[in-house]
file entry-v3.cif (mmCIF, C-alpha atoms)
data_target
loop_
_atom_site.label_atom_id
_atom_site.label_comp_id
_atom_site.auth_asym_id
_atom_site.auth_seq_id
_atom_site.Cartn_x
_atom_site.Cartn_y
_atom_site.Cartn_z
CA MET A 1 -48.30 -91.06 -90.36
CA VAL A 2 -44.57 -91.20 -90.58
CA LEU A 3 -44.62 -87.83 -92.25
CA LEU A 4 -46.60 -86.39 -89.38
CA LEU A 5 -44.17 -87.81 -86.87
CA LEU A 6 -41.32 -86.39 -88.87
CA VAL A 7 -42.95 -82.98 -88.94
CA LEU A 8 -43.59 -83.19 -85.23
CA CYS A 9 -39.98 -84.12 -84.61
CA ILE A 10 -38.77 -81.23 -86.73
CA VAL A 11 -41.11 -78.87 -84.91
CA ALA A 12 -39.94 -80.21 -81.58
CA LEU A 13 -36.31 -79.83 -82.59
CA VAL A 14 -36.93 -76.25 -83.73
CA MET A 15 -38.70 -75.37 -80.50
CA ALA A 16 -35.95 -77.02 -78.46
CA TRP A 17 -33.32 -75.07 -80.39
CA ARG A 18 -35.21 -71.85 -79.89
CA ALA A 19 -35.62 -72.59 -76.20
CA GLU A 20 -31.90 -73.24 -75.91
CA GLN A 21 -31.15 -70.01 -77.72
CA ARG A 22 -33.46 -68.16 -75.44
CA VAL A 23 -31.87 -69.71 -72.37
CA ALA A 24 -28.45 -68.77 -73.68
CA SER A 25 -29.57 -65.20 -74.27
CA LEU A 26 -31.04 -65.10 -70.78
CA GLU A 27 -27.81 -66.35 -69.32
CA GLN A 28 -25.89 -63.68 -71.19
CA GLU A 29 -28.36 -61.07 -70.01
CA LEU A 30 -27.98 -62.30 -66.42
CA VAL A 31 -24.20 -62.19 -66.69
CA ARG A 32 -24.32 -58.71 -68.14
CA ARG A 33 -26.72 -57.52 -65.48
CA GLN A 34 -24.58 -59.13 -62.77
CA GLN A 35 -21.54 -57.33 -64.12
CA ASP A 36 -23.49 -54.07 -64.23
CA SER A 37 -24.63 -54.63 -60.62
CA ALA A 38 -21.05 -55.27 -59.49
CA THR A 39 -19.90 -52.17 -61.29
CA GLN A 40 -22.69 -50.14 -59.75
CA ALA A 41 -21.91 -51.57 -56.31
CA THR A 42 -18.25 -50.58 -56.68
CA GLU A 43 -19.26 -47.13 -57.81
CA ALA A 44 -21.71 -46.91 -54.91
CA ARG A 45 -18.97 -47.84 -52.41
CA THR A 46 -16.68 -45.30 -53.98
CA LEU A 47 -19.39 -42.65 -53.84
CA ALA A 48 -20.17 -43.59 -50.23
CA ARG A 49 -16.51 -43.26 -49.28
CA GLN A 50 -16.30 -39.93 -51.02
CA ALA A 51 -19.49 -38.83 -49.34
CA GLN A 52 -18.07 -39.83 -45.94
CA GLU A 53 -14.89 -37.92 -46.63
CA GLY A 54 -16.95 -34.96 -47.77
CA MET A 55 -19.02 -35.12 -44.58
CA SER A 56 -15.83 -35.12 -42.48
CA ASP A 57 -14.54 -32.11 -44.37
CA ALA A 58 -17.90 -30.45 -44.03
CA ALA A 59 -17.97 -31.14 -40.28
CA ALA A 60 -14.47 -29.64 -39.89
CA LYS A 61 -15.50 -26.61 -41.90
CA VAL A 62 -18.67 -26.25 -39.85
CA ALA A 63 -16.64 -26.39 -36.61
CA LEU A 64 -14.22 -23.79 -37.98
CA LEU A 65 -17.13 -21.62 -39.06
CA GLU A 66 -18.73 -21.95 -35.62
CA ALA A 67 -15.47 -20.91 -33.97
CA ARG A 68 -15.23 -17.93 -36.29
CA VAL A 69 -18.85 -17.05 -35.64
CA ALA A 70 -18.20 -17.15 -31.87
CA GLU A 71 -15.11 -14.97 -32.33
CA VAL A 72 -17.09 -12.56 -34.44
CA ALA A 73 -19.79 -12.48 -31.76
CA ILE A 74 -17.19 -11.65 -29.10
CA GLN A 75 -15.70 -8.96 -31.29
CA ARG A 76 -19.16 -7.62 -31.91
CA THR A 77 -19.84 -7.46 -28.17
CA GLN A 78 -16.55 -5.69 -27.57
CA LEU A 79 -17.26 -3.33 -30.43
CA GLU A 80 -20.71 -2.59 -29.00
CA ASP A 81 -19.16 -1.88 -25.59
CA LEU A 82 -16.59 0.36 -27.20
CA ILE A 83 -19.25 2.18 -29.19
CA GLN A 84 -21.31 2.54 -26.02
CA SER A 85 -18.35 3.92 -24.10
CA LEU A 86 -17.55 6.29 -26.95
CA SER A 87 -21.14 7.37 -27.20
CA ARG A 88 -21.33 8.04 -23.45
CA SER A 89 -22.07 11.62 -22.69
CA ARG A 90 -19.60 14.08 -21.22
CA ASP A 91 -21.44 14.14 -17.91
CA GLU A 92 -21.15 10.39 -17.47
CA ASN A 93 -17.44 10.46 -18.26
CA LEU A 94 -16.89 13.18 -15.68
CA LEU A 95 -18.87 11.32 -13.02
CA VAL A 96 -17.06 8.05 -13.68
CA ASP A 97 -13.66 9.77 -13.47
CA ILE A 98 -14.53 11.46 -10.17
CA ASP A 99 -15.86 8.22 -8.69
CA ALA A 100 -12.71 6.29 -9.67
CA ALA A 101 -10.43 9.04 -8.32
CA LEU A 102 -12.30 9.10 -5.00
CA ARG A 103 -12.07 5.36 -4.53
CA MET A 104 -8.35 5.39 -5.37
CA ALA A 105 -7.73 8.25 -2.92
CA GLN A 106 -9.70 6.38 -0.25
CA GLN A 107 -7.46 3.32 -0.70
CA GLN A 108 -4.31 5.46 -0.54
CA GLY A 109 -5.54 7.10 2.67
CA ALA A 110 -6.24 3.72 4.24
CA ILE A 111 -2.70 2.57 3.39
CA THR A 112 -0.78 5.71 4.36
CA GLY A 113 -3.05 6.90 7.19
CA SER A 114 -3.07 10.42 5.71
CA ALA A 115 -6.09 12.44 4.64
CA GLU A 116 -4.13 14.46 2.09
CA PRO A 117 -4.93 12.22 -0.95
CA LEU A 118 -8.67 12.36 -0.23
CA VAL A 119 -8.61 16.12 0.42
CA LEU A 120 -6.66 16.71 -2.80
CA VAL A 121 -9.05 14.60 -4.92
CA LEU A 122 -12.12 16.29 -3.41
CA ARG A 123 -10.71 19.73 -4.19
CA GLN A 124 -9.79 18.76 -7.74
CA SER A 125 -13.25 17.25 -8.28
CA ASP A 126 -14.91 20.43 -7.04
CA GLU A 127 -12.74 22.53 -9.37
CA ARG A 128 -13.62 20.31 -12.36
CA LEU A 129 -17.33 20.56 -11.60
CA ALA A 130 -17.01 24.33 -11.18
CA ARG A 131 -15.37 24.62 -14.62
CA TYR A 132 -18.00 22.33 -16.16
CA ASN A 133 -20.82 24.49 -14.71
CA GLN A 134 -23.66 21.98 -15.11
CA PRO A 135 -26.75 22.84 -13.02
CA ARG A 136 -27.79 19.21 -12.51
CA LEU A 137 -24.41 18.47 -10.87
CA GLU A 138 -24.76 21.10 -8.14
CA GLY A 139 -25.88 18.38 -5.73
CA VAL A 140 -22.58 16.61 -6.29
CA ARG A 141 -20.68 19.81 -5.47
CA ARG A 142 -22.63 20.28 -2.25
CA ALA A 143 -21.89 16.68 -1.25
CA ILE A 144 -18.18 17.24 -2.01
CA ALA A 145 -18.18 20.34 0.20
CA ARG A 146 -19.71 18.39 3.11
CA ASP A 147 -17.25 15.51 2.77
CA LEU A 148 -14.35 17.95 2.48
CA GLU A 149 -15.32 19.63 5.73
CA ARG A 150 -15.63 16.27 7.51
CA VAL A 151 -12.25 15.07 6.28
CA LYS A 152 -10.54 18.33 7.26
CA ALA A 153 -12.07 18.17 10.74
CA VAL A 154 -10.40 14.84 11.48
CA GLY A 155 -6.88 15.18 12.88
CA THR A 156 -4.62 12.61 11.26
CA THR A 157 -1.29 11.30 12.45
CA ASP A 158 1.69 12.96 10.77
CA ILE A 159 3.95 9.93 10.41
CA SER A 160 6.82 11.85 8.80
CA SER A 161 7.10 14.48 11.56
CA LEU A 162 6.90 11.85 14.31
CA THR A 163 9.62 9.84 12.56
CA ILE A 164 11.84 12.94 12.47
CA ARG A 165 11.29 13.47 16.20
CA LEU A 166 12.25 9.87 16.95
CA ASP A 167 15.36 10.20 14.79
CA GLU A 168 16.36 13.33 16.69
CA ALA A 169 15.79 11.53 19.99
CA ILE A 170 17.93 8.58 18.86
CA ARG A 171 20.76 10.91 17.83
CA SER A 172 20.73 12.72 21.19
CA VAL A 173 20.85 9.55 23.35
CA ASP A 174 24.67 9.63 23.49
CA GLU A 175 24.62 13.21 24.80
CA LEU A 176 22.28 12.64 27.74
CA PRO A 177 24.02 13.00 31.14
CA LEU A 178 23.69 10.06 33.53
CA LEU A 179 22.88 10.43 37.22
CA ALA A 180 25.66 8.02 38.15
CA HIS A 181 28.37 10.14 36.48
CA ALA A 182 29.13 13.69 37.49
CA ASP A 183 28.84 16.21 34.67
CA LEU A 184 32.09 18.17 34.73
CA ARG A 185 30.98 20.47 31.93
CA ARG A 186 29.49 23.24 34.03
CA GLU A 187 27.94 26.35 32.67
CA PRO A 188 29.81 29.58 33.41
CA ALA A 189 28.55 31.28 36.55
CA ARG A 190 26.55 34.42 36.24
CA PRO A 191 28.26 37.69 37.20
CA ALA A 192 26.04 38.17 40.25
CA ALA A 193 26.66 34.62 41.43
CA ALA A 194 30.40 35.02 40.85
CA ALA A 195 30.40 38.27 42.76
CA ALA A 196 28.48 36.70 45.63
CA ALA A 197 30.88 33.73 45.69
CA ALA A 198 33.86 36.08 45.67
CA ALA A 199 32.32 38.18 48.45
CA SER A 200 31.64 35.11 50.55
CA ALA A 201 35.16 33.83 49.90
CA ALA A 202 36.62 37.20 50.82
CA ALA A 203 34.51 37.40 53.95
CA SER A 204 35.54 33.93 55.00
CA ALA A 205 39.22 34.60 54.37
CA PRO A 206 41.26 35.07 57.54
CA ALA A 207 43.01 38.21 56.35
CA SER A 208 42.33 40.26 53.21
CA PRO A 209 44.98 42.09 51.19
CA ALA A 210 43.15 45.41 51.79
CA ALA A 211 43.71 45.08 55.51
CA LEU A 212 47.41 44.72 54.85
CA GLY A 213 47.57 47.92 52.81
CA LEU A 214 48.17 46.24 49.41
CA PRO A 215 47.43 47.95 46.04
CA THR A 216 43.97 47.74 44.42
CA GLY A 217 45.19 45.47 41.58
CA TRP A 218 46.42 42.99 44.08
CA ILE A 219 43.08 43.13 45.89
CA GLU A 220 41.18 42.32 42.64
CA GLY A 221 43.60 39.49 41.86
CA TRP A 222 43.15 38.12 45.31
CA ARG A 223 39.37 38.16 44.97
CA SER A 224 39.55 36.39 41.60
CA VAL A 225 41.84 33.68 42.96
CA SER A 226 39.60 33.28 46.00
CA ALA A 227 36.51 32.90 43.79
CA ARG A 228 38.20 30.23 41.69
CA VAL A 229 39.38 28.33 44.74
CA TRP A 230 35.90 28.49 46.25
CA ALA A 231 34.33 27.22 43.01
CA GLU A 232 36.74 24.28 42.93
CA VAL A 233 35.97 23.49 46.56
CA ARG A 234 32.23 23.58 45.84
CA SER A 235 32.68 21.25 42.84
CA LEU A 236 34.16 18.58 45.07
CA VAL A 237 30.76 17.94 46.67
CA ARG A 238 27.52 17.61 44.68
CA VAL A 239 24.11 17.22 46.30
CA THR A 240 21.51 15.68 43.98
CA ARG A 241 18.03 14.34 44.65
CA ILE A 242 17.87 10.66 43.59
CA ASP A 243 14.40 9.13 43.35
CA HIS A 244 15.80 5.74 42.26
CA PRO A 245 18.90 4.77 44.27
CA ASP A 246 19.72 1.89 41.92
CA ALA A 247 20.56 4.46 39.22
CA MET A 248 23.66 5.47 41.22
CA LEU A 249 24.89 1.86 41.19
CA LEU A 250 25.27 1.90 37.42
CA ALA A 251 28.87 1.05 36.51
CA PRO A 252 30.63 3.15 33.84
CA GLU A 253 30.98 0.19 31.48
CA GLN A 254 27.23 -0.46 31.80
CA SER A 255 26.29 3.00 30.57
CA PHE A 256 27.11 1.96 27.00
CA PHE A 257 24.64 -0.91 27.13
CA LEU A 258 22.04 1.34 28.78
CA ARG A 259 22.27 3.87 25.95
CA GLU A 260 22.20 1.13 23.30
CA ASN A 261 19.12 -0.42 24.91
CA LEU A 262 17.43 2.98 24.88
CA LYS A 263 18.32 3.38 21.19
CA LEU A 264 16.87 -0.05 20.41
CA ARG A 265 13.64 0.90 22.15
CA LEU A 266 13.38 4.08 20.11
CA LEU A 267 14.26 2.27 16.86
CA ASN A 268 11.57 -0.31 17.58
CA ALA A 269 9.10 2.52 18.18
CA ARG A 270 10.15 4.07 14.86
CA LEU A 271 9.59 0.81 12.95
CA ALA A 272 6.23 0.31 14.66
CA LEU A 273 5.27 3.88 13.72
CA LEU A 274 6.11 3.27 10.06
CA SER A 275 4.03 0.07 10.11
CA ARG A 276 1.18 1.94 11.88
CA GLN A 277 1.29 -0.24 15.01
CA PHE A 278 0.50 2.57 17.43
CA GLY A 279 0.07 0.28 20.45
CA THR A 280 3.68 -0.87 20.11
CA VAL A 281 4.79 2.75 19.69
CA GLN A 282 3.07 3.77 22.92
CA ALA A 283 4.60 0.85 24.84
CA ASP A 284 8.16 1.46 23.59
CA VAL A 285 7.96 5.21 24.18
CA ALA A 286 6.66 4.62 27.71
CA VAL A 287 9.59 2.27 28.47
CA ALA A 288 12.03 4.84 27.04
CA GLN A 289 10.52 7.58 29.20
CA THR A 290 10.84 5.36 32.27
CA MET A 291 14.51 4.69 31.50
CA ILE A 292 15.22 8.39 31.04
CA ASP A 293 13.47 9.31 34.31
CA ARG A 294 15.36 6.62 36.24
CA TYR A 295 18.93 6.75 34.91
CA PHE A 296 19.44 10.21 33.38
CA ASP A 297 19.74 13.69 34.86
CA ARG A 298 16.34 15.32 34.50
CA GLY A 299 17.78 18.72 35.36
CA SER A 300 19.81 18.76 32.15
CA ARG A 301 18.53 20.71 29.16
CA ARG A 302 19.21 17.79 26.80
CA THR A 303 17.18 15.43 28.99
CA THR A 304 14.33 17.95 29.06
CA VAL A 305 14.37 18.21 25.24
CA MET A 306 14.43 14.41 24.94
CA ALA A 307 11.48 14.05 27.35
CA GLU A 308 9.53 16.68 25.38
CA LEU A 309 10.16 14.84 22.08
CA LEU A 310 8.97 11.54 23.53
CA ARG A 311 5.93 13.23 25.04
CA GLN A 312 4.95 14.67 21.67
CA VAL A 313 5.38 11.30 19.98
CA SER A 314 3.30 9.60 22.68
CA GLN A 315 0.48 12.13 22.35
CA GLN A 316 0.33 12.22 18.55
CA ALA A 317 0.87 8.52 17.73
CA ARG A 318 -2.82 7.62 17.79
CA GLN A 319 -4.99 5.49 15.52
CA VAL A 320 -7.34 7.76 13.58
CA SER A 321 -10.03 6.43 11.24
CA LEU A 322 -10.52 8.51 8.11
CA PRO A 323 -14.12 9.36 7.17
CA ARG A 324 -15.53 7.91 3.96
CA PRO A 325 -16.84 10.25 1.22
CA ASP A 326 -20.24 8.54 1.32
CA ASP A 327 -22.22 11.70 0.49
CA THR A 328 -20.19 12.35 -2.64
CA LEU A 329 -20.39 8.72 -3.80
CA ALA A 330 -24.16 8.66 -3.25
CA ALA A 331 -24.54 11.97 -5.13
CA LEU A 332 -22.46 10.60 -8.01
CA THR A 333 -24.61 7.47 -8.21
CA ALA A 334 -27.79 9.53 -8.21
CA ALA A 335 -26.45 11.88 -10.89
CA ALA A 336 -25.37 8.94 -13.07
CA ALA A 337 -28.86 7.43 -12.73
CA GLY A 338 -30.37 10.70 -13.94
CA ARG A 339 -32.08 11.62 -10.70
#

call {"tool": "encode", "arguments": {"input": "entry-v3.cif", "output": "structure tokens"}}
result
Amino acid sequence: MVLLLLVLCIVALVMAWRAEQRVASLEQELVRRQQDSATQATEARTLARQAQEGMSDAAAKVALLEARVAEVAIQRTQLEDLIQSLSRSRDENLLVDIDAALRMAQQQGAITGSAEPLVLVLRQSDERLARYNQPRLEGVRRAIARDLERVKAVGTTDISSLTIRLDEAIRSVDELPLLAHADLRREPARPAAAAAAAASAAASAPASPAALGLPTGWIEGWRSVSARVWAEVRSLVRVTRIDHPDAMLLAPEQSFFLRENLKLRLLNARLALLSRQFGTVQADVAVAQTMIDRYFDRGSRRTTVMAELLRQVSQQARQVSLPRPDDTLAALTAAAAGR
């Protein structure tokens, strides 16, 4: 009995020792696995951080690649346009050049008021089409001929010639004779008039040298002296028709301001002409003509020339609208479309 209990105790002790050994081994295994898990967790965090950094780098590279792809797409579009323009036929290039030249000439004509740029471009375009000799472009040439005739038929304002006339009028203002001041610079009398004046002076003389029996040379000298005296006597009195009596009240010192005012009017008309303000030109020229008719001698040749210059400026300074080359533009569009 005691032996059985002893055996049981030994068996129990052995089993307890084995259980303790097993528990110890389990604890070691748990510690090892815990250490392995911590190591794996650290490695996982490191890998995750590296993966995040890699994703950031990848995102930056993707953005850079997208930008480069967009740039390449733009370059491809430009290259396609360039290839298309290079592959355009000769007819299309000619039509595009003529269209651009016409539109440029139309803008120049609108700015300068002259039809010369449009006429020149239409002629050059017709010459280019004639050299090209393409049957399908004959409609364009006919349209150019019609537009050229319409543009030539319109009378345009020659700004340069009108400016020259105004400059000449401004320069001659100081030479115009005033009604209020007698013009002492008389033209030499004609021979017939001088002879008639001498005859009248001789007839009115109380006693002639011929009646006294004087020589012929003395008679001719007497007639010459009599003619000169009679001319001086006639110059003392001048009869002039005055339509505006206030013109005779103009003081000598006021004539300077009158001429300067007339020059300012003409200069203003010149500036308005250069800026294509034809209404202002007409008004200033009309005022200048009124001043000339009122204060200056209209019987003088200089005044007549001045009045003629102002009349020409007043008649030619008109607003003229240039015709548009619509037929040629329409023919160019139809030819470019292949119709």

call {"tool": "atom_distance", "arguments": {"input": "entry-v3.cif", "atom1": "atom CA of A:Ser172", "atom2": "atom CA of A:Arg302"}}
result
7.7 Å

call {"tool": "atom_distance", "arguments": {"input": "entry-v3.cif", "atom1": "atom CA of A:Gln289", "atom2": "atom CA of A:Ser161"}}
result
19.2 Å

call {"tool": "residues_around", "arguments": {"input": "entry-v3.cif", "residues": "A:Arg165", "least_positions_apart": "5", "cutoff": "8 Å", "atoms": "all atoms listed in the file", "output": "PDB file with C-alpha atoms, in the frame of the given file"}}
result
ATOM      1  CA  LEU A 309      10.160  14.840  22.080  1.00  0.00           C
ATOM      2  CA  LEU A 310       8.970  11.540  23.530  1.00  0.00           C
ATOM      3  CA  VAL A 313       5.380  11.300  19.980  1.00  0.00           C
TER       4      VAL A 313
END

call {"tool": "atom_distance", "arguments": {"input": "entry-v3.cif", "atom1": "atom CA of A:Gln316", "atom2": "atom CA of A:Leu178"}}
result
27.8 Å

call {"tool": "residues_around", "arguments": {"input": "entry-v3.cif", "residues": "A:Arg171", "least_positions_apart": "3", "cutoff": "12 Å", "atoms": "all atoms listed in the file", "output": "list of chain:residue names"}}
result
A:Ile164, A:Arg165, A:Leu166, A:Asp167, A:Glu168, A:Asp174, A:Glu175, A:Leu176, A:Arg259, A:Glu260, A:Leu262, A:Lys263, A:Leu264, A:Leu266, A:Leu267, A:Arg302, A:Met306

call {"tool": "residues_around", "arguments": {"input": "entry-v3.cif", "residues": "stretch 322-337 of chain A", "least_positions_apart": "2", "cutoff": "9 Å", "atoms": "all atoms listed in the file", "output": "PyMOL selection string"}}
result
chain A and resi 91-92+95-96+98-99+102-103+106+109-110+113-115+118+122+136-137+139-148+150-151+154-156+320+339

call {"tool": "resolve_selection", "arguments": {"input": "entry-v3.cif", "expression": "the PyMOL selection byres ((chain A and resi 314) around 8)", "output": "PyMOL selection string"}}
result
chain A and resi 281-282+285-286+310-313+315-317

call {"tool": "closest_residue", "arguments": {"input": "entry-v3.cif", "among": "A:Ala169, A:Glu29, A:Ala101, A:Ala51", "to": "A:Glu308", "atoms": "only C-alpha atoms"}}
result
A:Ala169
